[in-house]
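Chemist: Before anything else, here's the structure in question.
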Amino acid sequence: MLATVLLAFPLAVIWMVVTSSLSLESFFVGSLLGIAIQLLLHSERPSVNLRCLPDQILAFFIYTVTLGRDVVISSLDVTRLVLNPNMPINPGILAVPTQDFSKNDIIAAFSAHGITLTPGELVMDFAEGHTMFVHCLDVEASAQNAPPAQTKRLLLLRRIMGVTAA
């Protein structure tokens with residue numbers, strides 16, 4: 001039940017933003033709606049360990065800041081490539097080794113989402129649960145940066161989800 005209540009808080013904040021009502025009453029109504037939605041969906045709820053929660057929140061903050069930094073840097077790189085009259089792009093497909101996705105599909109989805117959000121890279125396919133194929137505008141630069149970035153992303157996502165290393 002604690003997980004349901006904790007997951008209702010972000011839904012309450014979204015409710016307050018959508019209704020443009022920043023009040024305690026609006027937060028309460030949003031929380032009740034969030035709990036009702038979760039109960040109606042009958043989805044599998046993650047277990048919440050209060051001792052791990054601070055680390056999960058810290059990992060989420062680090063992941064968000066890292067993703068934002070990557071989006072800004074990638075945007076500047078793509079802008080530089082596009083505005084260059086010679087269009088010095090070197091497109092290609094890169095195989096990025098990763099975890100066994102059959103163990104946790106949520107981590108796989110967020111990992112692919114983190115890559116796809118960054119301009120200049122797009123996850124195209126998964127192969128045998130251990131590899132993602134990523135289309136890159138500059139395959140040489142991405143080949144150098146993708147494996148360490150993927151390792152860091154997976155470690156943070158595992159911490160956020162409370163999953164021990166595979």
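A note on labels: chains of the structure tokens are A, B, ... as shown, every chain counts residues from 1, and ligands are counted from 1 in their shown order.
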With the cut-off set at 10 Å and counting only C-alpha atoms, tabulate each residue of range 43-98 of chain A with an atom at most that distance from an atom of range 104-115 of chain A, showing the nearest atom pair and its distance in Å to one decimal, ordered by chain and increasing number, as a Markdown table.

Modeler:
| residue | atom | partner | partner_atom | distance |
| --- | --- | --- | --- | --- |
| A:Tyr63 | CA | A:Gly114 | CA | 9.5 |
| A:Thr64 | CA | A:Gly114 | CA | 9.8 |
| A:Thr66 | CA | A:Gly114 | CA | 9.9 |
| A:Leu67 | CA | A:Gly114 | CA | 6.8 |
| A:Gly68 | CA | A:Gly114 | CA | 9.8 |
| A:Asp70 | CA | A:Gly114 | CA | 9.2 |
| A:Val71 | CA | A:Gly114 | CA | 9.2 |
| A:Thr98 | CA | A:Ala108 | CA | 8.8 |

Chemist: Could you name the residues that touch range 137-151 of chain A at 7 Å or less, counting only C-alpha atoms, but leaving out those on the same chain fewer than 3 positions away, as a VMD selection string?

Modeler: chain A and resid 89 to 94 96 120 to 121 154 to 155

Chemist: Using the selection just defined, write its residues with N, CA, C and O atoms as an mmCIF file, in the first residue's frame.

Modeler:
data_model
loop_
_atom_site.group_PDB
_atom_site.id
_atom_site.type_symbol
_atom_site.label_atom_id
_atom_site.label_comp_id
_atom_site.auth_asym_id
_atom_site.auth_seq_id
_atom_site.Cartn_x
_atom_site.Cartn_y
_atom_site.Cartn_z
ATOM 1 N N ILE A 89 28.601 14.688 -41.829
ATOM 2 C CA ILE A 89 28.009 13.586 -41.069
ATOM 3 C C ILE A 89 28.603 12.262 -41.535
ATOM 4 O O ILE A 89 29.023 12.125 -42.683
ATOM 5 N N ASN A 90 28.643 11.350 -40.620
ATOM 6 C CA ASN A 90 29.152 10.016 -40.892
ATOM 7 C C ASN A 90 28.147 9.029 -40.300
ATOM 8 O O ASN A 90 28.401 8.422 -39.263
ATOM 9 N N PRO A 91 26.981 8.887 -40.956
ATOM 10 C CA PRO A 91 25.925 8.058 -40.355
ATOM 11 C C PRO A 91 26.290 6.588 -40.353
ATOM 12 O O PRO A 91 27.077 6.112 -41.170
ATOM 13 N N GLY A 92 25.697 5.886 -39.418
ATOM 14 C CA GLY A 92 25.922 4.452 -39.342
ATOM 15 C C GLY A 92 25.115 3.859 -38.210
ATOM 16 O O GLY A 92 24.441 4.557 -37.453
ATOM 17 N N ILE A 93 25.201 2.555 -38.116
ATOM 18 C CA ILE A 93 24.490 1.829 -37.074
ATOM 19 C C ILE A 93 25.512 1.221 -36.132
ATOM 20 O O ILE A 93 26.482 0.596 -36.561
ATOM 21 N N LEU A 94 25.277 1.413 -34.859
ATOM 22 C CA LEU A 94 26.202 0.983 -33.828
ATOM 23 C C LEU A 94 25.525 -0.073 -32.957
ATOM 24 O O LEU A 94 24.378 0.080 -32.562
ATOM 25 N N VAL A 96 25.275 -1.599 -29.473
ATOM 26 C CA VAL A 96 25.625 -1.230 -28.109
ATOM 27 C C VAL A 96 25.321 -2.416 -27.195
ATOM 28 O O VAL A 96 24.160 -2.792 -27.024
ATOM 29 N N GLY A 120 20.606 13.002 -32.571
ATOM 30 C CA GLY A 120 21.672 12.370 -33.334
ATOM 31 C C GLY A 120 21.764 10.876 -33.142
ATOM 32 O O GLY A 120 22.559 10.221 -33.810
ATOM 33 N N GLU A 121 20.976 10.311 -32.226
ATOM 34 C CA GLU A 121 20.989 8.865 -31.981
ATOM 35 C C GLU A 121 19.560 8.365 -31.835
ATOM 36 O O GLU A 121 18.708 9.039 -31.270
ATOM 37 N N LEU A 154 22.756 2.443 -17.283
ATOM 38 C CA LEU A 154 22.210 1.205 -16.713
ATOM 39 C C LEU A 154 22.420 1.140 -15.201
ATOM 40 O O LEU A 154 21.530 0.696 -14.467
ATOM 41 N N LEU A 155 23.592 1.575 -14.721
ATOM 42 C CA LEU A 155 23.839 1.577 -13.279
ATOM 43 C C LEU A 155 22.862 2.495 -12.557
ATOM 44 O O LEU A 155 22.300 2.130 -11.509
#

Chemist: Excluding range 58-62 of chain A and its own-chain neighbours fewer than 4 positions away, which residues fall within 8 Å of it when counting only C-alpha atoms? Please give them as an NGL selection string.

Modeler: :A and (54 or 66 or 156-157 or 159-160)

Chemist: From the DSSP assignment of the backbone, select every residue of range 9-87 of chain A that is alpha helix (DSSP H), and format the answer as a ChimeraX atom specification.

Modeler: /A:9-19,24-41,53-83

Chemist: Could you tell me which of A:Ala3, A:Phe126, A:Thr118, A:Ala95 comes closest to Asn49 in chain A if we count only C-alpha atoms?

Modeler: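 Once distances to Asn49 in chain A are computed over only C-alpha atoms, the minimum belongs to A:Ala3.
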
Chemist: Between A:Lys152, A:Pro97, A:Leu11, A:Ser23, which residue has the minimum interatomic distance to Ala127 in chain A, considering only C-alpha atoms?

Modeler: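 With only C-alpha atoms as the atom set, the closest residue is A:Pro97.
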
Chemist: Can you check which residues of chain A DSSP gives as strand (DSSP E) on the backbone and send them as a list in words?

Modeler: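 Result set for chain A (strand (DSSP E)): Gly92, Ile93, Leu94, Ala95, Val96, Pro97, Glu121, Leu122, Val123, Met124, Asp125, Phe126, Ala127, Thr131, Met132, Phe133, Val134, His135 and Cys136 of chain A.
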
Chemist: Expressed in Å to a single decimal, how great is the separation between CA of Val123 in chain A and CA of Arg69 in chain A?

Modeler: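 Calculated distance between CA of Val123 in chain A and CA of Arg69 in chain A is 19.1 Å.
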
Chemist: So that I can see what lies close to Phe27 in chain A, please list as a list in words the residues with an atom at most 7 Å from it, counting only C-alpha atoms and leaving out residues fewer than 6 positions away in the same chain.

Modeler: Ala12, Val13 and Met16 of chain A

Chemist: Using Å and a single decimal, report how far CA of Val17 in chain A sits from CA of Asp55 in chain A.

Modeler: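 These atoms are spaced 26.9 Å apart.
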
Chemist: Hey, can you check how far CA of Cys136 in chain A sits from CA of Asn86 in chain A?

Modeler: 17.8 Å
